Amino acid sequence: MKIVMIPGDGIGPETMTVCSDVLTTISEKLDLHLELIHEIAGHDSLKKYGSTVTEQLLATVKAADGLILGPMATYDFKDETKGEINPSKFFRKKLDLYANIRPARTYPKVPTKMNPFDLVVVRENTEGFYADRNVESGNSEILVTPDVGISLRRITRECCIRIAKSAFELAMTRKKHVTLVHKANVLKITDGLFLDCCAEVAKSYPEVTVDDHIVDAMMAHVVRNPERFDTIVTTNMFGDILSDLTAELSGSLGLGGSLNAGDHYAMGQAAHGSAPDIAGQDIANPFSIITSASMLLNWLGQKYQQPNYLQAAKYIARATEQAIDALEVTRDIGGQLGTKATGDCFVRRLRTM
Ligand code: NAD
């Protein structure tokens, strides 16, 4: 299968080099016959093609079986008319990658103040409080006068139903517990619709326990007792914020894996950003992108019923546990190694498993 690899900005090239080595190694080991296609987006593409992403790149991605997107310096990209398009939004919208799956779990050796936990945030990806996602043309953030701005949040039945289904399906493979996170006390129409849709979907999953929390209180609950939660489903912006929190509570944002999945395409993408504060220093944690790549292999294994792909995802997960246990990791999670050395150790470990 063909996988397009886009390193992205900041720490992206450092972590993506590790990710490529990991995929090449696991492909050789389990006969996955992966073909990695290296492309560019973000600042590199802006310099070379005048746009952070191109239609040609989209065609390449559509012709492939999966995409791994590195972190993008999205805050730098302010004006689409100058080619400054948010690549994350571009792929999520163009490929209709509506479900952003963001697992977070603790590891015994990683320093954290939390009780051990293992949860996953299922975040809607294609609408909500994201001005670049809500309208066919233009932007749903409006400058009314120089001193007055309006941001519109779109919530639709279709998107709520499909994200709820993703969450309940995932919960069935986990502890059969779904928590709905919302702000229906204030956003009565839109989050009311989200809750109604979740309740409708829940009827088809009678074994699943369902509860719900208002998003602000949820921040306290998840910091106090993250072990209470299993599968959390929420709208776009709340999921973005909550999943960074859960990744950091697990030990580091650099551990947070993330898969953006639709009915036809999927994109592995680290949960974190381009981290300009640590770029080029060989200290970025590569496990976020490694885990995201392994989630993509798992998605491909399920979609095309390829047991060796499912096996590859399991190998990578087990090797991750072992590497963290052996402290063959970067400093943010208690190790002493640089990004490259962490990757080299990981690849050696995978080969001998
Ligand atoms: P960030 O996620 O890049 O960094 C937040 C903090 O986490 C920083 O201290 C950083 O050093 C640390 N961190 C992040 N990844 C790490 C890793 N792998 N290992 C160790 N530490 C890590 O957030 P930011 O600094 O607010 O954003 C930087 C840029 O990234 C902005 O342009 C922002 O818009 C963009 N961004 C992109 C994405 C994406 O592409 N998916 C997501 C979030 C932010």
# chains A, B, ... in the order shown; residues from 1 in each chain; ligands from 1
>>> closest_atom_pairs(of="chain A", to="ligand 1", cutoff="10 Å", atoms="only C-alpha atoms and all ligand atoms", output="tab-separated table")
residue	atom	partner	partner_atom_place_in_ligand_line	distance
A:Gly8	CA	ligand 1	40 (O)	7.8
A:Asp9	CA	ligand 1	30 (O)	8.2
A:Gly10	CA	ligand 1	29 (C)	7.9
A:Ile11	CA	ligand 1	18 (N)	7.2
A:Gly12	CA	ligand 1	18 (N)	8.5
A:Glu14	CA	ligand 1	18 (N)	9.6
A:Thr15	CA	ligand 1	18 (N)	7.5
A:Gly42	CA	ligand 1	40 (O)	9.4
A:Leu69	CA	ligand 1	40 (O)	7.9
A:Gly70	CA	ligand 1	40 (O)	6.6
A:Pro71	CA	ligand 1	40 (O)	3.6
A:Met72	CA	ligand 1	40 (O)	3.8
A:Ala73	CA	ligand 1	32 (O)	3.4
A:Thr74	CA	ligand 1	34 (O)	3.9
A:Tyr75	CA	ligand 1	32 (O)	3.6
A:Asp76	CA	ligand 1	32 (O)	5.6
A:Phe77	CA	ligand 1	32 (O)	7.9
A:Asn86	CA	ligand 1	40 (O)	8.4
A:Pro87	CA	ligand 1	40 (O)	7.7
A:Ser88	CA	ligand 1	40 (O)	6.1
A:Lys89	CA	ligand 1	41 (N)	9.1
A:Asp240	CA	ligand 1	43 (C)	8.7
A:Ile241	CA	ligand 1	43 (C)	9.8
A:Asp244	CA	ligand 1	2 (O)	8.1
A:Glu248	CA	ligand 1	7 (O)	8.4
A:Ser252	CA	ligand 1	21 (N)	6.7
A:Leu253	CA	ligand 1	14 (C)	5.6
A:Gly254	CA	ligand 1	18 (N)	3.6
A:Leu255	CA	ligand 1	18 (N)	7.0
A:Gly256	CA	ligand 1	18 (N)	8.4
A:Ser258	CA	ligand 1	41 (N)	9.2
A:Gln269	CA	ligand 1	41 (N)	6.7
A:Ala270	CA	ligand 1	41 (N)	6.4
A:Ala271	CA	ligand 1	41 (N)	5.8
A:His272	CA	ligand 1	2 (O)	3.8
A:Gly273	CA	ligand 1	3 (O)	3.2
A:Ser274	CA	ligand 1	30 (O)	4.1
A:Ala275	CA	ligand 1	3 (O)	3.2
A:Pro276	CA	ligand 1	28 (C)	6.0
A:Asp277	CA	ligand 1	11 (O)	5.4
A:Ile278	CA	ligand 1	11 (O)	5.3
A:Ala279	CA	ligand 1	11 (O)	8.0
A:Asp282	CA	ligand 1	19 (N)	9.7
A:Ile283	CA	ligand 1	20 (C)	6.8
A:Ala284	CA	ligand 1	19 (N)	3.8
A:Asn285	CA	ligand 1	19 (N)	3.7
A:Pro286	CA	ligand 1	18 (N)	5.7
A:Phe287	CA	ligand 1	18 (N)	7.3
A:Ser288	CA	ligand 1	18 (N)	6.3
A:Ile289	CA	ligand 1	18 (N)	8.0
A:Thr330	CA	ligand 1	19 (N)	7.9
A:Arg331	CA	ligand 1	20 (C)	8.1
A:Asp332	CA	ligand 1	20 (C)	5.8
A:Ile333	CA	ligand 1	20 (C)	8.4
A:Thr339	CA	ligand 1	19 (N)	8.8
>>> select_by_dssp(residues="region 43-266 of chain A", states="helix (DSSP H, G or I)", output="count of residues only")
89
>>> closest_residue(among="A:Asn308, A:Asn298, A:Gln322, A:Ser250", to="Pro116 (chain A)", atoms="only C-alpha atoms")
A:Ser250
>>> atom_distance(atom1="CA of Asp230 (chain A)", atom2="CA of Lys175 (chain A)")
6.4 Å
>>> select_by_dssp(residues="region 53-139 of chain A", states="strand (DSSP E)", output="VMD selection string")
chain A and resid 66 to 69 99 to 105 118 to 124
>>> closest_atom_pairs(of="region 84-182 of chain A", to="region 187-207 of chain A", cutoff="12 Å", atoms="only C-alpha atoms", output="JSON lines")
{"residue": "A:Glu124", "atom": "CA", "partner": "A:Phe194", "partner_atom": "CA", "distance": 10.6}
{"residue": "A:Glu127", "atom": "CA", "partner": "A:Thr190", "partner_atom": "CA", "distance": 11.6}
{"residue": "A:Gly128", "atom": "CA", "partner": "A:Thr190", "partner_atom": "CA", "distance": 9.2}
{"residue": "A:Phe129", "atom": "CA", "partner": "A:Thr190", "partner_atom": "CA", "distance": 11.1}
{"residue": "A:Leu152", "atom": "CA", "partner": "A:Thr190", "partner_atom": "CA", "distance": 11.3}
{"residue": "A:Arg153", "atom": "CA", "partner": "A:Thr190", "partner_atom": "CA", "distance": 8.4}
{"residue": "A:Arg154", "atom": "CA", "partner": "A:Thr190", "partner_atom": "CA", "distance": 7.8}
{"residue": "A:Ile155", "atom": "CA", "partner": "A:Thr190", "partner_atom": "CA", "distance": 5.7}
{"residue": "A:Thr156", "atom": "CA", "partner": "A:Leu193", "partner_atom": "CA", "distance": 7.7}
{"residue": "A:Arg157", "atom": "CA", "partner": "A:Cys197", "partner_atom": "CA", "distance": 6.7}
{"residue": "A:Glu158", "atom": "CA", "partner": "A:Cys197", "partner_atom": "CA", "distance": 8.8}
{"residue": "A:Cys159", "atom": "CA", "partner": "A:Phe194", "partner_atom": "CA", "distance": 8.9}
{"residue": "A:Cys160", "atom": "CA", "partner": "A:Phe194", "partner_atom": "CA", "distance": 5.5}
{"residue": "A:Ile161", "atom": "CA", "partner": "A:Cys197", "partner_atom": "CA", "distance": 5.4}
{"residue": "A:Arg162", "atom": "CA", "partner": "A:Val201", "partner_atom": "CA", "distance": 8.9}
{"residue": "A:Ile163", "atom": "CA", "partner": "A:Cys198", "partner_atom": "CA", "distance": 8.6}
{"residue": "A:Ala164", "atom": "CA", "partner": "A:Cys198", "partner_atom": "CA", "distance": 5.4}
{"residue": "A:Lys165", "atom": "CA", "partner": "A:Val201", "partner_atom": "CA", "distance": 6.3}
{"residue": "A:Ser166", "atom": "CA", "partner": "A:Val201", "partner_atom": "CA", "distance": 10.0}
{"residue": "A:Ala167", "atom": "CA", "partner": "A:Cys198", "partner_atom": "CA", "distance": 9.4}
{"residue": "A:Phe168", "atom": "CA", "partner": "A:Tyr205", "partner_atom": "CA", "distance": 7.1}
{"residue": "A:Glu169", "atom": "CA", "partner": "A:Tyr205", "partner_atom": "CA", "distance": 8.5}
{"residue": "A:Leu170", "atom": "CA", "partner": "A:Tyr205", "partner_atom": "CA", "distance": 11.2}
{"residue": "A:Ala171", "atom": "CA", "partner": "A:Tyr205", "partner_atom": "CA", "distance": 9.5}
{"residue": "A:Met172", "atom": "CA", "partner": "A:Glu207", "partner_atom": "CA", "distance": 8.2}
{"residue": "A:Thr173", "atom": "CA", "partner": "A:Glu207", "partner_atom": "CA", "distance": 11.6}
{"residue": "A:Arg174", "atom": "CA", "partner": "A:Glu207", "partner_atom": "CA", "distance": 11.7}
{"residue": "A:Lys175", "atom": "CA", "partner": "A:Glu207", "partner_atom": "CA", "distance": 10.1}
{"residue": "A:Lys176", "atom": "CA", "partner": "A:Glu207", "partner_atom": "CA", "distance": 6.8}
{"residue": "A:His177", "atom": "CA", "partner": "A:Glu207", "partner_atom": "CA", "distance": 8.7}
{"residue": "A:Val178", "atom": "CA", "partner": "A:Ala202", "partner_atom": "CA", "distance": 9.2}
{"residue": "A:Thr179", "atom": "CA", "partner": "A:Cys198", "partner_atom": "CA", "distance": 10.1}
{"residue": "A:Leu180", "atom": "CA", "partner": "A:Leu195", "partner_atom": "CA", "distance": 7.5}
{"residue": "A:Val181", "atom": "CA", "partner": "A:Leu195", "partner_atom": "CA", "distance": 8.9}
{"residue": "A:His182", "atom": "CA", "partner": "A:Asp191", "partner_atom": "CA", "distance": 6.0}
>>> residues_around(residues="Thr246 (chain A)", least_positions_apart="3", cutoff="8 Å", atoms="only C-alpha atoms", output="list in words")
Ala104, Val222, Leu242, Ser243, Leu249 and Ser250 of chain A
>>> write_last_selection(atoms="N, CA, C and O atoms", output="PDB file, in the first residue's frame")
ATOM      1  N   ALA A 104      -5.199   8.654  24.832  1.00  0.00           N
ATOM      2  CA  ALA A 104      -4.205   9.110  25.819  1.00  0.00           C
ATOM      3  C   ALA A 104      -4.177   8.080  26.941  1.00  0.00           C
ATOM      4  O   ALA A 104      -5.231   7.666  27.431  1.00  0.00           O
ATOM      5  N   VAL A 222     -11.511  15.501  34.550  1.00  0.00           N
ATOM      6  CA  VAL A 222     -10.451  14.757  33.863  1.00  0.00           C
ATOM      7  C   VAL A 222      -9.100  14.985  34.554  1.00  0.00           C
ATOM      8  O   VAL A 222      -8.245  14.094  34.561  1.00  0.00           O
ATOM      9  N   LEU A 242      -9.603  19.501  24.891  1.00  0.00           N
ATOM     10  CA  LEU A 242      -9.609  18.397  25.858  1.00  0.00           C
ATOM     11  C   LEU A 242      -8.518  17.356  25.544  1.00  0.00           C
ATOM     12  O   LEU A 242      -7.860  16.840  26.450  1.00  0.00           O
ATOM     13  N   SER A 243      -8.305  17.084  24.256  1.00  0.00           N
ATOM     14  CA  SER A 243      -7.340  16.027  23.910  1.00  0.00           C
ATOM     15  C   SER A 243      -5.894  16.485  24.125  1.00  0.00           C
ATOM     16  O   SER A 243      -5.021  15.652  24.389  1.00  0.00           O
ATOM     17  N   LEU A 249      -1.634  15.208  30.369  1.00  0.00           N
ATOM     18  CA  LEU A 249      -1.811  14.506  31.653  1.00  0.00           C
ATOM     19  C   LEU A 249      -1.170  13.119  31.623  1.00  0.00           C
ATOM     20  O   LEU A 249      -0.741  12.596  32.653  1.00  0.00           O
ATOM     21  N   SER A 250      -1.099  12.543  30.425  1.00  0.00           N
ATOM     22  CA  SER A 250      -0.481  11.210  30.318  1.00  0.00           C
ATOM     23  C   SER A 250       1.036  11.305  30.437  1.00  0.00           C
ATOM     24  O   SER A 250       1.707  10.279  30.544  1.00  0.00           O
TER      25      SER A 250
END
